[in-house]
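A.B. asks: Pasting run-v7.cif below, which is mmCIF, C-alpha atoms and all ligand atoms.
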data_entry
loop_
_atom_site.group_PDB
_atom_site.id
_atom_site.type_symbol
_atom_site.label_atom_id
_atom_site.label_comp_id
_atom_site.auth_asym_id
_atom_site.auth_seq_id
_atom_site.Cartn_x
_atom_site.Cartn_y
_atom_site.Cartn_z
ATOM 1 C CA MET A 1 -162.091 -13.530 -63.018
ATOM 2 C CA ALA A 2 -165.584 -12.285 -62.187
ATOM 3 C CA THR A 3 -165.090 -8.557 -62.796
ATOM 4 C CA ARG A 4 -162.553 -7.162 -65.231
ATOM 5 C CA LEU A 5 -161.869 -3.679 -63.904
ATOM 6 C CA LEU A 6 -159.337 -2.626 -66.561
ATOM 7 C CA ALA A 7 -160.878 -3.923 -69.790
ATOM 8 C CA ASN A 8 -159.340 -2.276 -72.902
ATOM 9 C CA GLN A 9 -156.800 -0.228 -70.922
ATOM 10 C CA ILE A 10 -153.299 0.213 -72.376
ATOM 11 C CA VAL A 11 -150.838 0.092 -69.477
ATOM 12 C CA LEU A 12 -147.062 0.447 -69.076
ATOM 13 C CA ILE A 13 -145.403 -0.830 -65.904
ATOM 14 C CA THR A 14 -141.722 -0.161 -65.153
ATOM 15 C CA GLY A 15 -139.772 -2.925 -63.387
ATOM 16 C CA GLY A 16 -142.253 -5.731 -64.034
ATOM 17 C CA SER A 17 -139.930 -8.742 -64.090
ATOM 18 C CA ARG A 18 -139.969 -9.512 -60.372
ATOM 19 C CA GLY A 19 -141.549 -8.707 -57.012
ATOM 20 C CA ILE A 20 -144.342 -6.159 -56.733
ATOM 21 C CA GLY A 21 -143.948 -5.175 -60.415
ATOM 22 C CA ARG A 22 -144.574 -8.760 -61.531
ATOM 23 C CA ALA A 23 -147.719 -8.877 -59.374
ATOM 24 C CA PHE A 24 -148.851 -5.630 -61.053
ATOM 25 C CA VAL A 25 -148.296 -7.147 -64.517
ATOM 26 C CA GLN A 26 -150.257 -10.291 -63.613
ATOM 27 C CA ALA A 27 -153.116 -8.443 -61.913
ATOM 28 C CA PHE A 28 -153.500 -5.779 -64.633
ATOM 29 C CA HIS A 29 -153.425 -8.494 -67.299
ATOM 30 C CA ALA A 30 -155.998 -10.584 -65.412
ATOM 31 C CA HIS A 31 -158.253 -7.528 -65.236
ATOM 32 C CA GLY A 32 -158.241 -7.148 -69.017
ATOM 33 C CA ALA A 33 -155.499 -4.549 -69.592
ATOM 34 C CA THR A 34 -152.999 -4.746 -72.458
ATOM 35 C CA VAL A 35 -149.735 -4.685 -70.521
ATOM 36 C CA THR A 36 -146.177 -3.784 -71.512
ATOM 37 C CA PHE A 37 -143.495 -3.857 -68.841
ATOM 38 C CA THR A 38 -139.844 -2.861 -68.632
ATOM 39 C CA TYR A 39 -137.000 -4.432 -66.660
ATOM 40 C CA ALA A 40 -133.331 -3.655 -66.011
ATOM 41 C CA GLY A 41 -131.469 -6.816 -67.024
ATOM 42 C CA ASN A 42 -132.926 -10.000 -65.582
ATOM 43 C CA HIS A 43 -134.040 -11.686 -68.821
ATOM 44 C CA ALA A 44 -134.947 -15.006 -67.158
ATOM 45 C CA LYS A 45 -137.316 -13.338 -64.684
ATOM 46 C CA ALA A 46 -138.823 -11.162 -67.415
ATOM 47 C CA GLU A 47 -139.504 -14.225 -69.578
ATOM 48 C CA GLU A 48 -141.001 -15.979 -66.548
ATOM 49 C CA THR A 49 -143.398 -13.060 -66.043
ATOM 50 C CA VAL A 50 -144.434 -13.155 -69.711
ATOM 51 C CA ALA A 51 -145.021 -16.922 -69.449
ATOM 52 C CA LEU A 52 -147.100 -16.482 -66.267
ATOM 53 C CA CYS A 53 -149.407 -14.281 -68.359
ATOM 54 C CA GLY A 54 -149.692 -16.860 -71.141
ATOM 55 C CA GLY A 55 -147.413 -14.847 -73.441
ATOM 56 C CA GLU A 56 -150.015 -12.072 -73.585
ATOM 57 C CA VAL A 57 -147.853 -9.276 -72.120
ATOM 58 C CA LYS A 58 -144.794 -7.613 -73.639
ATOM 59 C CA ALA A 59 -141.395 -7.181 -71.947
ATOM 60 C CA ILE A 60 -138.831 -4.513 -72.899
ATOM 61 C CA GLN A 61 -135.360 -4.289 -71.400
ATOM 62 C CA ALA A 62 -134.878 -0.600 -70.647
ATOM 63 C CA ASP A 63 -133.058 1.301 -67.922
ATOM 64 C CA ALA A 64 -135.822 3.487 -66.457
ATOM 65 C CA ALA A 65 -133.215 6.184 -65.735
ATOM 66 C CA ASP A 66 -132.699 6.721 -69.492
ATOM 67 C CA PHE A 67 -134.721 9.808 -70.462
ATOM 68 C CA GLY A 68 -134.541 9.333 -74.246
ATOM 69 C CA LEU A 69 -135.461 5.655 -74.054
ATOM 70 C CA ALA A 70 -138.555 6.450 -71.974
ATOM 71 C CA GLN A 71 -139.753 8.837 -74.719
ATOM 72 C CA GLN A 72 -139.131 6.203 -77.400
ATOM 73 C CA ILE A 73 -140.940 3.421 -75.521
ATOM 74 C CA VAL A 74 -143.979 5.544 -74.690
ATOM 75 C CA ASP A 75 -144.225 7.015 -78.228
ATOM 76 C CA GLN A 76 -143.967 3.521 -79.731
ATOM 77 C CA LEU A 77 -146.674 2.213 -77.406
ATOM 78 C CA VAL A 78 -149.039 5.011 -78.419
ATOM 79 C CA ALA A 79 -148.183 4.470 -82.112
ATOM 80 C CA THR A 80 -149.067 0.780 -81.732
ATOM 81 C CA HIS A 81 -152.202 1.012 -79.589
ATOM 82 C CA GLY A 82 -153.463 4.520 -80.336
ATOM 83 C CA ARG A 83 -153.566 5.524 -76.683
ATOM 84 C CA LEU A 84 -152.021 5.026 -73.225
ATOM 85 C CA ASP A 85 -154.262 4.832 -70.171
ATOM 86 C CA CYS A 86 -151.937 4.189 -67.248
ATOM 87 C CA ILE A 87 -148.276 4.308 -66.282
ATOM 88 C CA VAL A 88 -147.189 2.446 -63.168
ATOM 89 C CA ASN A 89 -143.817 3.841 -62.091
ATOM 90 C CA ASN A 90 -142.620 0.859 -60.061
ATOM 91 C CA ALA A 91 -138.928 0.334 -60.939
ATOM 92 C CA GLY A 92 -136.777 0.862 -57.874
ATOM 93 C CA ILE A 93 -133.605 -0.256 -56.121
ATOM 94 C CA THR A 94 -131.896 0.142 -52.753
ATOM 95 C CA ARG A 95 -128.261 1.043 -52.020
ATOM 96 C CA ASP A 96 -128.448 1.185 -48.227
ATOM 97 C CA ASN A 97 -125.733 2.743 -46.096
ATOM 98 C CA LEU A 98 -125.382 5.022 -43.111
ATOM 99 C CA LEU A 99 -125.037 8.641 -44.161
ATOM 100 C CA LEU A 100 -121.371 8.965 -43.122
ATOM 101 C CA ARG A 101 -120.462 5.899 -45.174
ATOM 102 C CA MET A 102 -122.670 6.676 -48.168
ATOM 103 C CA THR A 103 -120.746 7.232 -51.383
ATOM 104 C CA GLU A 104 -121.608 9.719 -54.088
ATOM 105 C CA ALA A 105 -122.255 6.768 -56.424
ATOM 106 C CA GLN A 106 -124.761 5.236 -53.960
ATOM 107 C CA TRP A 107 -126.613 8.564 -53.848
ATOM 108 C CA ASP A 108 -126.581 9.198 -57.622
ATOM 109 C CA GLU A 109 -127.583 5.675 -58.616
ATOM 110 C CA ILE A 110 -130.644 5.758 -56.378
ATOM 111 C CA MET A 111 -131.690 9.220 -57.576
ATOM 112 C CA ASP A 112 -131.522 8.073 -61.207
ATOM 113 C CA ALA A 113 -133.198 4.681 -60.844
ATOM 114 C CA ASN A 114 -135.906 5.671 -58.339
ATOM 115 C CA LEU A 115 -136.726 9.346 -58.942
ATOM 116 C CA LYS A 116 -135.509 10.467 -62.356
ATOM 117 C CA SER A 117 -137.195 7.357 -63.785
ATOM 118 C CA VAL A 118 -140.573 8.586 -62.519
ATOM 119 C CA PHE A 119 -140.021 11.988 -64.143
ATOM 120 C CA ASN A 120 -138.937 10.274 -67.388
ATOM 121 C CA TYR A 121 -142.052 8.136 -67.874
ATOM 122 C CA THR A 122 -144.486 10.718 -66.522
ATOM 123 C CA LYS A 123 -143.201 13.433 -68.857
ATOM 124 C CA ALA A 124 -143.147 11.058 -71.827
ATOM 125 C CA ALA A 125 -146.754 9.948 -71.223
ATOM 126 C CA ALA A 126 -148.226 13.299 -70.176
ATOM 127 C CA LYS A 127 -148.210 14.790 -73.690
ATOM 128 C CA HIS A 128 -150.257 11.855 -75.004
ATOM 129 C CA MET A 129 -152.623 11.853 -72.028
ATOM 130 C CA LEU A 130 -153.194 15.605 -72.414
ATOM 131 C CA LYS A 131 -154.240 15.047 -76.042
ATOM 132 C CA GLN A 132 -156.592 12.194 -75.150
ATOM 133 C CA ARG A 133 -157.814 14.145 -72.099
ATOM 134 C CA GLY A 134 -157.436 11.296 -69.663
ATOM 135 C CA GLY A 135 -154.981 8.932 -68.034
ATOM 136 C CA CYS A 136 -153.576 7.817 -64.741
ATOM 137 C CA PHE A 137 -150.217 7.603 -63.007
ATOM 138 C CA ILE A 138 -149.456 5.270 -60.112
ATOM 139 C CA ASN A 139 -146.078 5.896 -58.496
ATOM 140 C CA LEU A 140 -144.395 3.586 -55.997
ATOM 141 C CA SER A 141 -143.308 5.464 -52.918
ATOM 142 C CA SER A 142 -142.726 3.777 -49.525
ATOM 143 C CA VAL A 143 -143.504 4.237 -45.830
ATOM 144 C CA VAL A 144 -139.808 5.080 -45.637
ATOM 145 C CA GLY A 145 -140.542 8.124 -47.816
ATOM 146 C CA VAL A 146 -143.187 9.227 -45.293
ATOM 147 C CA ASN A 147 -141.287 8.524 -42.053
ATOM 148 C CA GLY A 148 -137.601 8.166 -43.000
ATOM 149 C CA ASN A 149 -135.375 5.228 -42.032
ATOM 150 C CA ALA A 150 -131.843 5.060 -40.637
ATOM 151 C CA GLY A 151 -129.482 3.659 -43.255
ATOM 152 C CA GLN A 152 -131.749 4.591 -46.163
ATOM 153 C CA SER A 153 -131.418 8.376 -46.467
ATOM 154 C CA ASN A 154 -130.834 8.116 -50.234
ATOM 155 C CA TYR A 155 -133.783 5.750 -50.796
ATOM 156 C CA ALA A 156 -136.082 7.696 -48.457
ATOM 157 C CA ALA A 157 -135.243 10.953 -50.249
ATOM 158 C CA THR A 158 -136.377 9.472 -53.574
ATOM 159 C CA LYS A 159 -139.542 8.005 -52.073
ATOM 160 C CA ALA A 160 -140.437 11.343 -50.403
ATOM 161 C CA GLY A 161 -139.604 13.085 -53.680
ATOM 162 C CA ILE A 162 -142.062 10.824 -55.492
ATOM 163 C CA ILE A 163 -144.848 11.996 -53.160
ATOM 164 C CA GLY A 164 -144.185 15.694 -53.885
ATOM 165 C CA PHE A 165 -143.849 14.959 -57.594
ATOM 166 C CA THR A 166 -147.127 12.998 -57.657
ATOM 167 C CA GLN A 167 -149.034 15.740 -55.814
ATOM 168 C CA SER A 168 -147.688 18.366 -58.229
ATOM 169 C CA VAL A 169 -148.548 16.326 -61.334
ATOM 170 C CA ALA A 170 -152.062 15.755 -59.956
ATOM 171 C CA LYS A 171 -152.485 19.543 -59.590
ATOM 172 C CA GLU A 172 -150.994 20.367 -63.003
ATOM 173 C CA LEU A 173 -152.920 17.794 -65.040
ATOM 174 C CA GLY A 174 -156.126 17.257 -63.083
ATOM 175 C CA SER A 175 -158.164 19.702 -65.168
ATOM 176 C CA ARG A 176 -157.548 17.446 -68.204
ATOM 177 C CA GLY A 177 -158.894 14.336 -66.475
ATOM 178 C CA ILE A 178 -155.463 12.940 -65.608
ATOM 179 C CA ARG A 179 -155.039 11.414 -62.138
ATOM 180 C CA ALA A 180 -151.792 10.780 -60.249
ATOM 181 C CA ASN A 181 -151.481 8.851 -56.993
ATOM 182 C CA ALA A 182 -148.666 7.324 -54.966
ATOM 183 C CA ILE A 183 -148.688 3.986 -53.169
ATOM 184 C CA ALA A 184 -146.564 3.755 -50.025
ATOM 185 C CA PRO A 185 -146.096 0.082 -49.124
ATOM 186 C CA GLY A 186 -144.704 -0.974 -45.780
ATOM 187 C CA PHE A 187 -142.860 -4.259 -45.462
ATOM 188 C CA ILE A 188 -143.664 -6.411 -48.508
ATOM 189 C CA ALA A 189 -142.093 -9.862 -49.013
ATOM 190 C CA THR A 190 -139.988 -9.618 -52.226
ATOM 191 C CA GLU A 191 -136.341 -10.106 -53.215
ATOM 192 C CA MET A 192 -135.750 -6.493 -52.116
ATOM 193 C CA THR A 193 -136.592 -7.425 -48.512
ATOM 194 C CA GLU A 194 -135.582 -11.112 -48.289
ATOM 195 C CA ASN A 195 -131.929 -10.394 -47.482
ATOM 196 C CA LEU A 196 -132.591 -8.232 -44.417
ATOM 197 C CA PRO A 197 -130.614 -9.247 -41.317
ATOM 198 C CA GLU A 198 -132.749 -11.333 -38.900
ATOM 199 C CA ALA A 199 -132.684 -8.674 -36.172
ATOM 200 C CA GLU A 200 -133.941 -6.009 -38.544
ATOM 201 C CA LEU A 201 -136.633 -8.361 -39.868
ATOM 202 C CA ALA A 202 -137.832 -9.018 -36.306
ATOM 203 C CA ARG A 203 -137.860 -5.263 -35.596
ATOM 204 C CA TRP A 204 -140.025 -4.585 -38.654
ATOM 205 C CA LEU A 205 -142.482 -7.416 -37.873
ATOM 206 C CA GLN A 206 -142.855 -6.344 -34.249
ATOM 207 C CA GLY A 207 -144.159 -2.977 -35.355
ATOM 208 C CA ILE A 208 -146.841 -4.321 -37.717
ATOM 209 C CA SER A 209 -150.392 -4.580 -36.286
ATOM 210 C CA LEU A 210 -151.274 -7.494 -38.585
ATOM 211 C CA GLY A 211 -148.050 -9.240 -37.491
ATOM 212 C CA ARG A 212 -146.870 -10.280 -40.952
ATOM 213 C CA PRO A 213 -145.305 -8.824 -44.092
ATOM 214 C CA GLY A 214 -147.621 -7.816 -46.921
ATOM 215 C CA THR A 215 -147.717 -9.664 -50.221
ATOM 216 C CA ALA A 216 -147.056 -8.245 -53.679
ATOM 217 C CA GLN A 217 -150.585 -9.363 -54.605
ATOM 218 C CA GLU A 218 -152.069 -7.138 -51.889
ATOM 219 C CA VAL A 219 -150.227 -4.118 -53.299
ATOM 220 C CA ALA A 220 -151.328 -5.077 -56.818
ATOM 221 C CA ASP A 221 -154.982 -5.172 -55.708
ATOM 222 C CA LEU A 222 -154.635 -1.548 -54.571
ATOM 223 C CA ALA A 223 -153.001 -0.538 -57.857
ATOM 224 C CA VAL A 224 -155.778 -2.185 -59.899
ATOM 225 C CA PHE A 225 -158.340 -0.245 -57.862
ATOM 226 C CA LEU A 226 -156.464 3.051 -58.399
ATOM 227 C CA ALA A 227 -156.227 2.460 -62.162
ATOM 228 C CA SER A 228 -159.900 1.517 -62.438
ATOM 229 C CA PRO A 229 -162.978 3.697 -62.907
ATOM 230 C CA MET A 230 -163.791 2.906 -59.251
ATOM 231 C CA ALA A 231 -161.075 5.422 -58.292
ATOM 232 C CA SER A 232 -162.194 8.130 -60.739
ATOM 233 C CA TYR A 233 -162.376 10.823 -58.005
ATOM 234 C CA ILE A 234 -159.084 9.973 -56.283
ATOM 235 C CA THR A 235 -155.996 12.004 -57.209
ATOM 236 C CA GLY A 236 -152.970 13.570 -55.534
ATOM 237 C CA GLN A 237 -153.080 11.003 -52.728
ATOM 238 C CA THR A 238 -150.527 8.751 -51.074
ATOM 239 C CA LEU A 239 -152.153 5.466 -50.130
ATOM 240 C CA VAL A 240 -150.282 3.696 -47.355
ATOM 241 C CA ILE A 241 -150.499 -0.125 -47.406
ATOM 242 C CA ASP A 242 -148.517 -1.373 -44.417
ATOM 243 C CA GLY A 243 -150.613 -3.743 -42.280
ATOM 244 C CA GLY A 244 -150.861 -1.057 -39.622
ATOM 245 C CA MET A 245 -147.246 -0.093 -39.047
ATOM 246 C CA GLN A 246 -146.601 1.713 -35.761
HETATM 247 P P1 LIG B 301 -137.567 -5.972 -56.618
HETATM 248 O O1 LIG B 301 -136.134 -5.736 -56.308
HETATM 249 O O2 LIG B 301 -138.197 -7.276 -56.245
HETATM 250 O O3 LIG B 301 -137.809 -5.730 -58.211
HETATM 251 C C1 LIG B 301 -137.351 -4.545 -58.807
HETATM 252 C C2 LIG B 301 -137.851 -4.453 -60.225
HETATM 253 O O4 LIG B 301 -137.433 -3.204 -60.783
HETATM 254 C C3 LIG B 301 -137.272 -5.521 -61.140
HETATM 255 O O5 LIG B 301 -138.230 -5.828 -62.129
HETATM 256 C C4 LIG B 301 -136.049 -4.825 -61.761
HETATM 257 O O6 LIG B 301 -135.653 -5.373 -63.032
HETATM 258 C C5 LIG B 301 -136.622 -3.444 -61.940
HETATM 259 N N1 LIG B 301 -135.617 -2.392 -62.024
HETATM 260 C C6 LIG B 301 -134.678 -2.047 -61.122
HETATM 261 N N2 LIG B 301 -133.945 -1.007 -61.569
HETATM 262 C C7 LIG B 301 -134.435 -0.691 -62.792
HETATM 263 C C8 LIG B 301 -134.094 0.263 -63.784
HETATM 264 N N3 LIG B 301 -133.082 1.134 -63.599
HETATM 265 N N4 LIG B 301 -134.795 0.287 -64.936
HETATM 266 C C9 LIG B 301 -135.822 -0.577 -65.145
HETATM 267 N N5 LIG B 301 -136.193 -1.503 -64.252
HETATM 268 C C10 LIG B 301 -135.499 -1.565 -63.092
HETATM 269 O O7 LIG B 301 -138.363 -4.743 -55.963
HETATM 270 P P2 LIG B 301 -139.796 -4.711 -55.245
HETATM 271 O O8 LIG B 301 -140.782 -5.440 -56.064
HETATM 272 O O9 LIG B 301 -139.629 -5.082 -53.831
HETATM 273 O O10 LIG B 301 -140.112 -3.148 -55.277
HETATM 274 C C11 LIG B 301 -140.892 -2.548 -56.300
HETATM 275 C C12 LIG B 301 -141.132 -1.099 -55.948
HETATM 276 O O11 LIG B 301 -141.824 -1.019 -54.711
HETATM 277 C C13 LIG B 301 -139.843 -0.286 -55.784
HETATM 278 O O12 LIG B 301 -140.030 1.024 -56.269
HETATM 279 C C14 LIG B 301 -139.659 -0.275 -54.275
HETATM 280 O O13 LIG B 301 -138.899 0.830 -53.858
HETATM 281 C C15 LIG B 301 -141.093 -0.193 -53.802
HETATM 282 N N6 LIG B 301 -141.286 -0.663 -52.431
HETATM 283 C C16 LIG B 301 -140.996 -1.956 -52.075
HETATM 284 C C17 LIG B 301 -141.208 -2.368 -50.768
HETATM 285 C C18 LIG B 301 -140.935 -3.767 -50.327
HETATM 286 O O14 LIG B 301 -141.098 -4.023 -49.136
HETATM 287 N N7 LIG B 301 -140.557 -4.692 -51.180
HETATM 288 C C19 LIG B 301 -141.707 -1.437 -49.740
HETATM 289 C C20 LIG B 301 -141.981 -0.116 -50.235
HETATM 290 C C21 LIG B 301 -141.762 0.246 -51.531
HETATM 291 P P3 LIG B 301 -134.605 -6.639 -63.110
HETATM 292 O O15 LIG B 301 -135.395 -7.854 -62.688
HETATM 293 O O16 LIG B 301 -134.207 -6.708 -64.540
HETATM 294 O O17 LIG B 301 -133.485 -6.336 -62.172
#
What would you get if you wrote out this structure as structure tokens?
Ligand code: NDP
C.D. replies:
Amino acid sequence: MATRLLANQIVLITGGSRGIGRAFVQAFHAHGATVTFTYAGNHAKAEETVALCGGEVKAIQADAADFGLAQQIVDQLVATHGRLDCIVNNAGITRDNLLLRMTEAQWDEIMDANLKSVFNYTKAAAKHMLKQRGGCFINLSSVVGVNGNAGQSNYAATKAGIIGFTQSVAKELGSRGIRANAIAPGFIATEMTENLPEAELARWLQGISLGRPGTAQEVADLAVFLASPMASYITGQTLVIDGGMQ
């Protein structure tokens, strides 16, 4: 690695066992950050991620929707390392259904895992970042949160909510040197997208100028940039990374 953009940074990434989150863990680690990540329950994938980083990152099983647990994890991290530079709120799930068929459980589960989780870790970290007068939040939204998508009204509501939340946090905490930005990926090849019906896959690909899905690594490159000093004057933004989706 020629340039280590995140040397000495203490970073917490939610949902780092697979997909885009795993790419974040690997990229942040490669750029010199000390990385801890959480995951929901997939121990094998979490261990695989740790191994891919030569055992130099830490995995914690923790439901991101658990408010008290988020406080504990963040406080412990600061007790261990003395500071916390960046939270990447990445954990997310889908429970797709058309509105008329959507159950209350499908709505509530998505709100807790995708949106409340972002509040949990942001609130837990903000008090430490305020004291150290610096820090950065990167929150995973989606193009679906910007444009909506039939069959994903619950998911889209959380991803739009993350944008409003991120903009508000940026305004509240900016004067203390704390930045908050959202990333809105388009169609990225991960387990979340690999089970799409063929017709829907073709529909997505047709609308992408670059004619292919994005990779988790490409999203991770953007996150590394946002966490680095190179992005020191960027806050309150939603950065769309979608290969030119029409
Ligand atoms: P994956 O399904 O591949 O991975 C999800 C990750 O989140 C896993 O590490 C999973 O842990 C973890 N996770 C899920 N629920 C919880 C929870 N309640 N508490 C803690 N961890 C949890 O997802 P992607 O990598 O595809 O997506 C990552 C983020 O990017 C999500 O927020 C998603 O909405 C967003 N996104 C993805 C796009 C895509 O095309 N893939 C497009 C736009 C946005 P475990 O392994 O234990 O289950």
A.B. asks: Could you tell me which of A:Ala216, A:Leu239, A:Ile73, A:Met230 comes closest to ligand LIG 301 (chain B) if we count all atoms listed in the file?
C.D. replies: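 Looking at the shortest contact to ligand LIG 301 (chain B), the residue is A:Ala216.
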A.B. asks: I'd like to know which of A:Glu48, A:Gln237, A:Gly243, A:Lys58 is closest to A:Arg212, using all atoms listed in the file.
C.D. replies: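 The shortest atom-to-atom distance to A:Arg212 comes from A:Gly243.
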A.B. asks: Would you work out the distance separating atom CA of A:Cys86 from atom CA of A:Gly134, expressed in Å to one decimal?
C.D. replies: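 One can read the atom CA of A:Cys86 to atom CA of A:Gly134 distance as 9.3 Å.
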A.B. asks: Can you tell me which residues come within 8 Å of ligand LIG 301 (chain B) when counting all atoms listed in the file, ideally as a PDB file with C-alpha atoms, in the frame of the given file?
C.D. replies:
ATOM      1  CA  THR A  14    -141.722  -0.161 -65.153  1.00  0.00           C
ATOM      2  CA  GLY A  15    -139.772  -2.925 -63.387  1.00  0.00           C
ATOM      3  CA  GLY A  16    -142.253  -5.731 -64.034  1.00  0.00           C
ATOM      4  CA  SER A  17    -139.930  -8.742 -64.090  1.00  0.00           C
ATOM      5  CA  ARG A  18    -139.969  -9.512 -60.372  1.00  0.00           C
ATOM      6  CA  GLY A  19    -141.549  -8.707 -57.012  1.00  0.00           C
ATOM      7  CA  ILE A  20    -144.342  -6.159 -56.733  1.00  0.00           C
ATOM      8  CA  GLY A  21    -143.948  -5.175 -60.415  1.00  0.00           C
ATOM      9  CA  ARG A  22    -144.574  -8.760 -61.531  1.00  0.00           C
ATOM     10  CA  THR A  38    -139.844  -2.861 -68.632  1.00  0.00           C
ATOM     11  CA  TYR A  39    -137.000  -4.432 -66.660  1.00  0.00           C
ATOM     12  CA  ALA A  40    -133.331  -3.655 -66.011  1.00  0.00           C
ATOM     13  CA  GLY A  41    -131.469  -6.816 -67.024  1.00  0.00           C
ATOM     14  CA  ASN A  42    -132.926 -10.000 -65.582  1.00  0.00           C
ATOM     15  CA  HIS A  43    -134.040 -11.686 -68.821  1.00  0.00           C
ATOM     16  CA  LYS A  45    -137.316 -13.338 -64.684  1.00  0.00           C
ATOM     17  CA  ALA A  46    -138.823 -11.162 -67.415  1.00  0.00           C
ATOM     18  CA  GLN A  61    -135.360  -4.289 -71.400  1.00  0.00           C
ATOM     19  CA  ALA A  62    -134.878  -0.600 -70.647  1.00  0.00           C
ATOM     20  CA  ASP A  63    -133.058   1.301 -67.922  1.00  0.00           C
ATOM     21  CA  ALA A  64    -135.822   3.487 -66.457  1.00  0.00           C
ATOM     22  CA  ALA A  65    -133.215   6.184 -65.735  1.00  0.00           C
ATOM     23  CA  ASN A  89    -143.817   3.841 -62.091  1.00  0.00           C
ATOM     24  CA  ASN A  90    -142.620   0.859 -60.061  1.00  0.00           C
ATOM     25  CA  ALA A  91    -138.928   0.334 -60.939  1.00  0.00           C
ATOM     26  CA  GLY A  92    -136.777   0.862 -57.874  1.00  0.00           C
ATOM     27  CA  ILE A  93    -133.605  -0.256 -56.121  1.00  0.00           C
ATOM     28  CA  THR A  94    -131.896   0.142 -52.753  1.00  0.00           C
ATOM     29  CA  ASP A 112    -131.522   8.073 -61.207  1.00  0.00           C
ATOM     30  CA  ALA A 113    -133.198   4.681 -60.844  1.00  0.00           C
ATOM     31  CA  ASN A 114    -135.906   5.671 -58.339  1.00  0.00           C
ATOM     32  CA  SER A 117    -137.195   7.357 -63.785  1.00  0.00           C
ATOM     33  CA  LEU A 140    -144.395   3.586 -55.997  1.00  0.00           C
ATOM     34  CA  SER A 141    -143.308   5.464 -52.918  1.00  0.00           C
ATOM     35  CA  SER A 142    -142.726   3.777 -49.525  1.00  0.00           C
ATOM     36  CA  VAL A 143    -143.504   4.237 -45.830  1.00  0.00           C
ATOM     37  CA  VAL A 144    -139.808   5.080 -45.637  1.00  0.00           C
ATOM     38  CA  TYR A 155    -133.783   5.750 -50.796  1.00  0.00           C
ATOM     39  CA  LYS A 159    -139.542   8.005 -52.073  1.00  0.00           C
ATOM     40  CA  ALA A 184    -146.564   3.755 -50.025  1.00  0.00           C
ATOM     41  CA  PRO A 185    -146.096   0.082 -49.124  1.00  0.00           C
ATOM     42  CA  GLY A 186    -144.704  -0.974 -45.780  1.00  0.00           C
ATOM     43  CA  PHE A 187    -142.860  -4.259 -45.462  1.00  0.00           C
ATOM     44  CA  ILE A 188    -143.664  -6.411 -48.508  1.00  0.00           C
ATOM     45  CA  ALA A 189    -142.093  -9.862 -49.013  1.00  0.00           C
ATOM     46  CA  THR A 190    -139.988  -9.618 -52.226  1.00  0.00           C
ATOM     47  CA  GLU A 191    -136.341 -10.106 -53.215  1.00  0.00           C
ATOM     48  CA  MET A 192    -135.750  -6.493 -52.116  1.00  0.00           C
ATOM     49  CA  THR A 193    -136.592  -7.425 -48.512  1.00  0.00           C
ATOM     50  CA  GLY A 214    -147.621  -7.816 -46.921  1.00  0.00           C
ATOM     51  CA  ALA A 216    -147.056  -8.245 -53.679  1.00  0.00           C
TER      52      ALA A 216
END
A.B. asks: Rounded to one decimal, what separation in Å do you get between atom CA of A:Gly207 and atom CA of A:Asn97?
C.D. replies: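 Atom CA of A:Asn97 lies 22.1 Å from atom CA of A:Gly207.
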A.B. asks: Write out as a list in words each polymer residue whose atoms come within 9 Å of A:Leu77, counting all atoms listed in the file; drop sequence neighbours fewer than 6 positions from it.
C.D. replies: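 Everything that qualifies: Ile10, Leu12, Thr36, Arg83 and Leu84 of chain A.
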A.B. asks: Using all atoms listed in the file, find all polymer residues with an atom at most 9 Å away from the point (-151.9, -4.3, -56.6); report them as a VMD selection string.
C.D. replies: chain A and resid 20 to 21 23 to 24 27 to 28 216 to 226
A.B. asks: Translate the PyMOL selection byres (((chain A and resi 32) around 12) and not hetatm), as applied to the file shown, into an explicit residue set as a list in words.
C.D. replies: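 What the PyMOL selection byres (((chain A and resi 32) around 12) and not hetatm) grabs from the file is Met1, Ala2, Thr3, Arg4, Leu5, Leu6, Ala7, Asn8, Gln9, Ile10, Val11, Val25, Gln26, Ala27, Phe28, His29, Ala30, His31, Ala33, Thr34, Val35, Cys53, Glu56, Val57, Val224, Ala227 and Ser228 of chain A.
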A.B. asks: Rounded to one decimal place, report the atom CA of A:Arg203-atom CA of A:Gly148 distance in Å.
C.D. replies: 15.3 Å
A.B. asks: Tell me which residues the PyMOL selection byres (((chain A and resi 95) around 10) and not hetatm) grabs here, as a PDB file with C-alpha atoms, in the frame of the given file.
C.D. replies:
ATOM      1  CA  ILE A  93    -133.605  -0.256 -56.121  1.00  0.00           C
ATOM      2  CA  THR A  94    -131.896   0.142 -52.753  1.00  0.00           C
ATOM      3  CA  ASP A  96    -128.448   1.185 -48.227  1.00  0.00           C
ATOM      4  CA  ASN A  97    -125.733   2.743 -46.096  1.00  0.00           C
ATOM      5  CA  MET A 102    -122.670   6.676 -48.168  1.00  0.00           C
ATOM      6  CA  THR A 103    -120.746   7.232 -51.383  1.00  0.00           C
ATOM      7  CA  ALA A 105    -122.255   6.768 -56.424  1.00  0.00           C
ATOM      8  CA  GLN A 106    -124.761   5.236 -53.960  1.00  0.00           C
ATOM      9  CA  TRP A 107    -126.613   8.564 -53.848  1.00  0.00           C
ATOM     10  CA  GLU A 109    -127.583   5.675 -58.616  1.00  0.00           C
ATOM     11  CA  ILE A 110    -130.644   5.758 -56.378  1.00  0.00           C
ATOM     12  CA  GLY A 151    -129.482   3.659 -43.255  1.00  0.00           C
ATOM     13  CA  GLN A 152    -131.749   4.591 -46.163  1.00  0.00           C
ATOM     14  CA  SER A 153    -131.418   8.376 -46.467  1.00  0.00           C
ATOM     15  CA  ASN A 154    -130.834   8.116 -50.234  1.00  0.00           C
ATOM     16  CA  TYR A 155    -133.783   5.750 -50.796  1.00  0.00           C
TER      17      TYR A 155
END
